[in-house]
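S.K.: What follows is a structure written as structure tokens; I'll ask about it next.
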Amino acid sequence: MSTSGCGLSRPDHRSDVKNLLLLGVSGGIAAYKTVEVASRFRKAGFDVHVVLSEAATQFIAPRTFSAVTGNPALTDLFPPSAQSIGEAAYPHLYPATRADLFLLAPATADMIAKLAHGFGSDLLSTCALSLPQGCLKYFAPAMNTEMWNQPVVQQNVRTLEGLGWVKLGPEDGLLACGAEGPGRMMEPALLVEQIRKQVPGNQAARPLRHRRVLVLSGPTREQLDPVRFLSNPSSGKMGQALAEAAVAMGATVDFVTGPVPEQHLPRLDGVTLHAVNSADEMLATSAPIAAEADLFVFAAAVADYRPAHVADQKLPKTTEPFSLELVPTPDIAATLSQQKRPGQLAVGFALQTEDGIPKAQAKLQRKHLDGILLNSPEALGGSQGTYTWISGPRGEQVVEWGTLSKRACADQLLTWAAERLDVTVSDH
């Protein structure tokens, strides 16, 4: 037994409490979604405790969470004296110090900033500071699009991720304030599913454990001169979703990416980032990794052509017509897939504007892929798309997946791959 600083003894090992989830609710309209999150976790067998910030109580009554979880909802850093007996006198410590998992949902800009910088100014933030070593920590951002895009918010998000927190979302869509864009809290069903996959002991939900996955993501830039290049508007969101989903399934990931916004990079333990610019650099970086990987996922929007000649200095503008000679870039997917050894899998993407299925089937065969995902132009730069899955030696197996978020799409793709890889390695 050890003795805490407040004079109460507690066991060193929490084996008597399994899957204790502390759910932190901060002040945002998305707090209503968190009731369903709490309910789903309780139905899944978790011991769910909820702590609300003062602002959160303006959106939803604490007793709602008490009814859903079967445990008192915590709101006061200094409880009434009549309740200040034993552990109840220390709501910032109990049940926080026994938590196996902590989820902040919704995670507002204010609470993200507090946790990123270690402030303990209310019950919710002090509970977060009291979490034990080994507690799995997640946050689900929800806020106005302009707030989410603020550099200081993104910096705080990266700081929190660097401290071991896992970001879930946000999703794009129509927000309560009327704006449209990133900032929606991830839907409860998907939020719970993503976390359950990472619960220790839930190995059935980690079908890629002991597997190494290579993800190619983002656009490439093919320089014309020192300040101009050929590229495309790929955001890297699909690659990010694939990397995050693969880690959730137990894989280690090598993430080879062209230039994308910082917030579209998967800053997770288990992900090694490799930044490149051109198609040639992407191939050179990926080739040695592919030799050791179990699965290649070609989600990058690689430029098909590059300038035949790159100017050393900025080309001056003239009034005369300008002709640009282009030459093909290397076919990265075909090159790496041709070198597959038995047991390796390669999956690609095909974005088409017409005759999508036959063109994707031809691409699958030409590039020696095991599967290919046909998507539509609206997926480029967006957070969802309409997908058709194509597999088989000649692409004869065609399954309509419909419109999905990129994370849901990544989960389906990797589930298919995990089944094909026939994971038999025992978990150590």
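In the structure tokens, each chain is lettered A, B, ... as it comes, each chain's residues begin at 1, and ligands are numbered from 1 in order of appearance.
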Please identify every residue of stretch 208-280 of chain A that has at least one atom no farther than 10 Å from an atom of stretch 158-170 of chain A, counting only C-alpha atoms, and for each give the shortest atom pair and the distance in Å to one decimal, arranged by chain then increasing number, as CSV.
M.R.:
residue,atom,partner,partner_atom,distance
A:Ala241,CA,A:Gly169,CA,9.6
A:Glu244,CA,A:Leu168,CA,9.1
A:Glu262,CA,A:Arg158,CA,8.8
A:Gln263,CA,A:Arg158,CA,8.0
A:Leu265,CA,A:Arg158,CA,9.9
A:Pro266,CA,A:Lys167,CA,9.2
A:Arg267,CA,A:Glu161,CA,6.5
A:Leu268,CA,A:Val166,CA,6.9
A:Asp269,CA,A:Gly164,CA,7.6
S.K.: Enumerate the residues of stretch 157-299 of chain A with a DSSP assignment of strand (DSSP E), computed from the backbone, and present them as a ChimeraX atom specification.
M.R.: /A:166-167,171-174,180-184,212-217,222-225,228-230,252-257,271-275,295-298
S.K.: Could you pull the residues within 7 Å of stretch 281-298 of chain A, counting only C-alpha atoms, minus those fewer than 3 positions along the same chain, as number ranges by chain?
M.R.: A: 211-216, 256, 276-278, 332-333, 336, 344-349
S.K.: Of the residues A:Gly250, A:Pro259, A:Gly356, A:Leu351, which is the one nearest to A:Ser376, using only C-alpha atoms?
M.R.: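 Smallest distance to A:Ser376 is found for A:Leu351.
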S.K.: Atom CA of A:Ala243 to atom CA of A:Val271: how many Å, to one decimal?
M.R.: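 Result for atom CA of A:Ala243 versus atom CA of A:Val271: 7.3 Å, one decimal.
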S.K.: With a distance cut-off of 6 Å and only C-alpha atoms, select the neighbouring residues of A:Phe139, excluding the residue or stretch itself and same-chain residues fewer than 5 positions from it, and output the selection as a compact mmCIF listing (two decimals) with N, CA and C atoms, in the first residue's frame.
M.R.:
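Heads up, here's the output in result.txt:
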# COMPACT_ATOMS: atom_id res chain seq x y z
N LEU A 103 -11.32 10.57 -21.44
CA LEU A 103 -11.76 11.17 -22.70
C LEU A 103 -12.32 12.55 -22.43
N LEU A 104 -11.78 13.56 -23.10
CA LEU A 104 -12.31 14.91 -23.04
C LEU A 104 -13.18 15.13 -24.27
N ALA A 107 -13.91 18.70 -26.50
CA ALA A 107 -12.69 19.39 -26.09
C ALA A 107 -12.73 20.79 -26.69
N LYS A 167 -5.77 12.57 -30.45
CA LYS A 167 -6.85 13.42 -30.98
C LYS A 167 -7.80 12.58 -31.80
S.K.: Need to verify the contact set: A:Gln58, 12 Å, only C-alpha atoms, exclusion of same-chain residues closer than 5 positions in sequence. Can you return it as a PyMOL selection string?
M.R.: chain A and resi 25-32+52-53+75
S.K.: Using C-alpha atoms, can you export the residues from the last selection as a short mmCIF file (atom, residue, chain, number, x, y, z; two decimals), in the first residue's frame?
M.R.:
data_model
loop_
_atom_site.label_atom_id
_atom_site.label_comp_id
_atom_site.auth_asym_id
_atom_site.auth_seq_id
_atom_site.Cartn_x
_atom_site.Cartn_y
_atom_site.Cartn_z
CA VAL A 25 -17.17 17.30 -20.53
CA SER A 26 -16.20 20.89 -21.29
CA GLY A 27 -18.49 23.76 -22.24
CA GLY A 28 -19.68 23.38 -25.81
CA ILE A 29 -22.97 22.67 -27.53
CA ALA A 30 -21.61 19.24 -28.49
CA ALA A 31 -21.94 18.26 -24.82
CA TYR A 32 -25.31 16.75 -25.72
CA LEU A 52 -18.13 18.50 -16.02
CA SER A 53 -16.65 21.97 -16.24
CA THR A 75 -18.93 19.31 -10.88
#
S.K.: Which residues are near A:Ala245? Cut-off 8 Å, only C-alpha atoms, ignore same chain within fewer than 6 positions. Put them as a compact mmCIF listing (two decimals) with C-alpha atoms, in the first residue's frame.
M.R.:
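Full text of result.txt as output:
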# COMPACT_ATOMS: atom_id res chain seq x y z
CA GLN A 194 -12.03 4.09 -31.96
CA ARG A 407 -11.89 7.76 -41.04
CA ALA A 410 -9.89 3.94 -43.55
CA ASP A 411 -11.34 1.53 -40.99
CA LEU A 414 -7.69 -1.71 -43.10
S.K.: Could you pull out all residues of stretch 13-103 of chain A with a DSSP call of helix (DSSP H, G or I) and give them as a count of residues only?
M.R.: 34
S.K.: Tell me which protein, DNA and RNA residues are within 10 Å of A:Ser391, counting only C-alpha atoms, leaving out same-chain ones fewer than 3 positions away, and put them as a count of residues only.
M.R.: 16
S.K.: Rounded to one decimal in Å, what is the spacing between atom CA of A:Asp110 and atom CA of A:Thr97?
M.R.: 23.1 Å
